[in-house]
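Visitor: Input structure: my_file_1.txt, which contains compact mmCIF, C-alpha atoms.
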# COMPACT_ATOMS: atom_id res chain seq x y z
CA MET A 1 7.99 -7.62 8.35
CA ALA A 2 7.33 -4.63 10.62
CA ASP A 3 7.36 -2.37 7.57
CA LEU A 4 4.73 -4.47 5.81
CA LEU A 5 2.44 -4.56 8.85
CA THR A 6 2.89 -0.82 9.30
CA HIS A 7 1.63 -0.20 5.77
CA VAL A 8 -1.40 -2.43 6.29
CA LEU A 9 -2.28 -0.77 9.61
CA ALA A 10 -1.82 2.70 8.11
CA ALA A 11 -4.15 1.79 5.23
CA TYR A 12 -6.69 0.39 7.71
CA THR A 13 -6.60 3.62 9.71
CA LEU A 14 -6.77 5.91 6.69
CA PHE A 15 -9.56 4.10 4.87
CA THR A 16 -11.62 3.29 7.97
CA VAL A 17 -11.70 6.97 8.90
CA ALA A 18 -12.63 7.79 5.29
CA SER A 19 -15.45 5.21 5.43
CA TRP A 20 -17.15 7.18 8.21
CA ARG A 21 -17.90 9.92 5.71
CA PHE A 22 -19.47 7.90 2.87
CA GLU A 23 -22.32 5.39 3.15
CA TRP A 24 -21.19 3.25 0.19
CA PHE A 25 -17.66 2.94 1.62
CA THR A 26 -18.08 -0.41 3.42
CA LYS A 27 -15.64 -2.69 5.21
CA ARG A 28 -15.23 -4.60 1.96
CA TRP A 29 -13.59 -1.60 0.33
CA VAL A 30 -11.42 -0.95 3.39
CA ALA A 31 -10.14 -4.53 3.10
CA ILE A 32 -9.45 -4.11 -0.62
CA ALA A 33 -7.51 -0.91 0.08
CA MET A 34 -5.51 -2.79 2.71
CA ILE A 35 -4.66 -5.42 0.09
CA GLY A 36 -3.60 -2.56 -2.18
CA ALA A 37 -1.19 -1.41 0.52
CA LEU A 38 0.55 -4.77 0.15
CA LEU A 39 1.08 -4.48 -3.61
CA PRO A 40 4.34 -2.48 -3.64
CA ASP A 41 5.99 -5.02 -1.34
CA LEU A 42 5.40 -7.88 -3.75
CA ASN A 43 8.94 -7.17 -4.90
CA ARG A 44 9.96 -9.07 -1.75
CA LEU A 45 9.09 -12.26 -3.60
CA GLY A 46 12.59 -11.84 -5.00
CA LEU A 47 13.87 -13.10 -1.66
CA LEU A 48 12.28 -16.47 -2.43
CA VAL A 49 12.44 -16.68 -6.23
CA ILE A 50 15.16 -15.21 -8.42
CA ASP A 51 14.34 -13.30 -11.58
CA ALA A 52 15.88 -16.00 -13.79
CA THR A 53 13.35 -18.52 -12.50
CA LEU A 54 10.47 -16.19 -13.29
CA GLU A 55 11.91 -15.51 -16.73
CA SER A 56 12.12 -19.23 -17.52
CA VAL A 57 8.55 -19.84 -16.32
CA LEU A 58 7.05 -16.85 -18.14
CA GLY A 59 9.28 -17.03 -21.20
CA VAL A 60 9.91 -13.27 -21.22
CA PRO A 61 12.41 -11.03 -19.44
CA PHE A 62 11.01 -10.23 -16.00
CA SER A 63 12.10 -8.35 -12.90
CA LEU A 64 10.34 -7.73 -9.60
CA ASP A 65 12.10 -4.39 -9.05
CA ALA A 66 9.35 -2.39 -10.75
CA MET A 67 6.72 -3.42 -8.19
CA GLN A 68 7.54 -0.45 -5.96
CA THR A 69 6.79 2.13 -8.64
CA ILE A 70 3.59 3.86 -9.74
CA GLY A 71 3.69 1.90 -12.99
CA GLY A 72 4.10 -1.41 -11.16
CA VAL A 73 1.25 -0.80 -8.76
CA CYS A 74 -1.02 0.40 -11.59
CA LEU A 75 -0.41 -2.87 -13.39
CA LEU A 76 -0.93 -4.95 -10.24
CA ALA A 77 -4.07 -3.01 -9.29
CA GLY A 78 -5.46 -3.61 -12.78
CA VAL A 79 -4.86 -7.34 -12.52
CA GLY A 80 -6.25 -7.39 -8.99
CA ALA A 81 -9.37 -5.46 -9.97
CA VAL A 82 -10.21 -8.01 -12.63
CA VAL A 83 -9.69 -10.88 -10.20
CA LEU A 84 -11.32 -9.42 -7.07
CA THR A 85 -14.80 -8.25 -7.85
CA GLU A 86 -17.53 -7.43 -10.30
CA ARG A 87 -17.05 -3.70 -9.56
CA HIS A 88 -13.79 -3.44 -11.47
CA ARG A 89 -13.37 0.34 -11.55
CA ARG A 90 -14.03 0.83 -7.86
CA ALA A 91 -11.77 -2.11 -6.96
CA PHE A 92 -9.03 -0.67 -9.15
CA GLY A 93 -9.39 2.71 -7.43
CA PHE A 94 -9.18 1.24 -3.94
CA LEU A 95 -6.27 -1.05 -4.77
CA LEU A 96 -4.45 1.89 -6.31
CA ALA A 97 -5.26 4.18 -3.38
CA GLY A 98 -3.95 1.59 -0.91
CA ALA A 99 -0.78 1.12 -2.96
CA PHE A 100 -0.34 4.87 -3.30
CA SER A 101 -0.60 5.28 0.48
CA HIS A 102 2.22 2.73 0.75
CA LEU A 103 4.38 4.59 -1.76
CA VAL A 104 3.81 7.95 -0.05
CA ILE A 105 4.74 6.53 3.36
CA ASP A 106 7.84 4.93 1.83
CA GLY A 107 8.73 8.30 0.32
CA LEU A 108 9.16 9.66 3.85
CA LYS A 109 11.53 7.05 5.23
CA ALA A 110 15.26 7.38 5.68
CA TYR A 111 17.58 6.22 2.90
CA ALA A 112 21.35 6.10 3.14
CA ASP A 113 21.89 8.56 0.29
CA GLY A 114 19.08 10.92 1.39
CA ALA A 115 16.96 10.36 -1.74
CA ALA A 116 13.80 8.27 -1.98
CA GLY A 117 13.48 5.34 -4.35
CA THR A 118 12.38 5.71 -7.97
CA TRP A 119 8.72 5.23 -7.02
CA LEU A 120 7.61 7.88 -9.52
CA TYR A 121 8.60 5.69 -12.50
CA PRO A 122 7.34 5.65 -15.35
CA ILE A 123 6.49 9.33 -14.92
CA THR A 124 10.09 10.23 -14.06
CA TRP A 125 13.29 8.64 -12.79
CA TYR A 126 13.75 11.51 -10.34
CA ARG A 127 14.61 10.47 -6.77
CA HIS A 128 13.31 13.29 -4.60
CA PRO A 129 15.02 14.18 -1.31
CA THR A 130 13.35 12.45 1.60
CA PRO A 131 12.68 14.07 4.98
CA ASN A 132 14.15 10.97 6.68
CA LEU A 133 11.30 10.76 9.17
CA TYR A 134 11.76 7.10 10.08
CA VAL A 135 13.81 3.97 9.48
CA SER A 136 11.75 1.10 8.10
CA SER A 137 13.13 -1.38 10.63
CA ASP A 138 12.32 0.83 13.64
CA PRO A 139 9.76 -0.94 15.87
CA THR A 140 8.59 2.41 17.24
CA VAL A 141 6.89 3.16 13.93
CA LEU A 142 5.01 -0.15 14.08
CA VAL A 143 3.97 0.40 17.70
CA LEU A 144 2.77 3.94 16.99
CA THR A 145 0.83 2.83 13.92
CA GLY A 146 -0.64 -0.07 15.90
CA ILE A 147 -1.80 2.25 18.68
CA ILE A 148 -3.45 4.60 16.18
CA ALA A 149 -5.10 1.72 14.29
CA GLY A 150 -6.26 0.19 17.58
CA SER A 151 -7.74 3.50 18.65
CA VAL A 152 -9.62 3.82 15.37
CA PHE A 153 -10.88 0.23 15.76
CA LEU A 154 -12.09 0.83 19.31
CA TYR A 155 -13.70 4.15 18.40
CA GLU A 156 -15.56 2.58 15.52
CA ARG A 157 -16.57 -0.48 17.49
CA TYR A 158 -17.87 1.24 20.61
CA TRP A 159 -18.73 4.83 19.71
CA LEU A 160 -20.07 4.73 16.15
Could the structure of this file be written out as structure tokens, please?
Guide:
Amino acid sequence: MADLLTHVLAAYTLFTVASWRFEWFTKRWVAIAMIGALLPDLNRLGLLVIDATLESVLGVPFSLDAMQTIGGVCLLAGVGAVVLTERHRRAFGFLLAGAFSHLVIDGLKAYADGAAGTWLYPITWYRHPTPNLYVSSDPTVLVLTGIIAGSVFLYERYWL
């Protein structure tokens, strides 16, 4: 759960700072980008529902493993853009940008074999070497991200 909250706080920080630059970039779009940062972790639904159940409900072969790939988040952002707003293209862009921030941050974490996941699929199956900057279960990462996000919140609230 700390990993999920870290991604949401990182998206909040990144997109709030970006919103200071552009007038049209409102809190609504920051929130949509934060939702986009959640998209790659929808594969965690597999902890609650097995793939066979989803296959029987949908009637087609289905797996949640592709959610943490560029192809998976593009598909989810497209569905989310249609559902979220009347500004479909902008919503798609912000959902995709939030999801991409999640994938980039995940590309930096430590894996046992030293290679990142296949998040570049369907472009390539290549698993690039990761710099092993953090472990996803490390609470220090969450605390640091929380402090940075809190600082951005306070700066925006009281100084802008």
Visitor: Of the residues A:Leu154, A:Leu95, A:Leu76, A:Leu144, which is the one nearest to A:Phe15, using all atoms listed in the file?
Guide: A:Leu95
Visitor: Once 5 Å is added on each side, what centre and edge lengths in Å to one decimal does the axis-aligned box around all listed atoms of stretch 64-72 of chain A have, as JSON?
Guide:
{"center_x": 7.8, "center_y": -1.9, "center_z": -9.5, "size_x": 18.5, "size_y": 21.6, "size_z": 17.0}
Visitor: List the spatial neighbours of A:Asn43 as a VMD selection string - criterion: any atom at most 8 Å away, all atoms listed in the file, same-chain residues fewer than 3 positions off excluded.
Guide: chain A and resid 40 46 64 to 68
Visitor: With C-alpha atoms kept, could you save the residues just selected as a JSON list (two decimals), in the coordinates of the input?
Guide:
[["chain", "number", "residue", "atom", "x", "y", "z"],
["A", 40, "PRO", "CA", 4.34, -2.48, -3.64],
["A", 46, "GLY", "CA", 12.59, -11.84, -5.00],
["A", 64, "LEU", "CA", 10.34, -7.73, -9.60],
["A", 65, "ASP", "CA", 12.10, -4.39, -9.05],
["A", 66, "ALA", "CA", 9.35, -2.39, -10.75],
["A", 67, "MET", "CA", 6.72, -3.42, -8.19],
["A", 68, "GLN", "CA", 7.54, -0.45, -5.96]]
Visitor: What separation in Å, quoted to one decimal, exists between atom CA of A:Asp41 and atom CA of A:Gly107?
Guide: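 Separation between atom CA of A:Asp41 and atom CA of A:Gly107: 13.7 Å.
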Visitor: Excluding stretch 4-10 of chain A and its own-chain neighbours fewer than 4 positions away, which residues fall within 8 Å of it when counting only C-alpha atoms? Please give them as a ChimeraX atom specification.
Guide: /A:14,34-35,37-38,41,101-102,105,141-142,145-146,149
Visitor: Provide the atom CA of A:Thr16 to atom CA of A:Cys74 distance in Å, to one decimal place.
Guide: 22.4 Å
Visitor: Rounded to one decimal place, report the atom CA of A:Leu120-atom CA of A:Leu45 distance in Å.
Guide: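 Atom-to-atom, atom CA of A:Leu120 and atom CA of A:Leu45 are spaced 21.0 Å apart.
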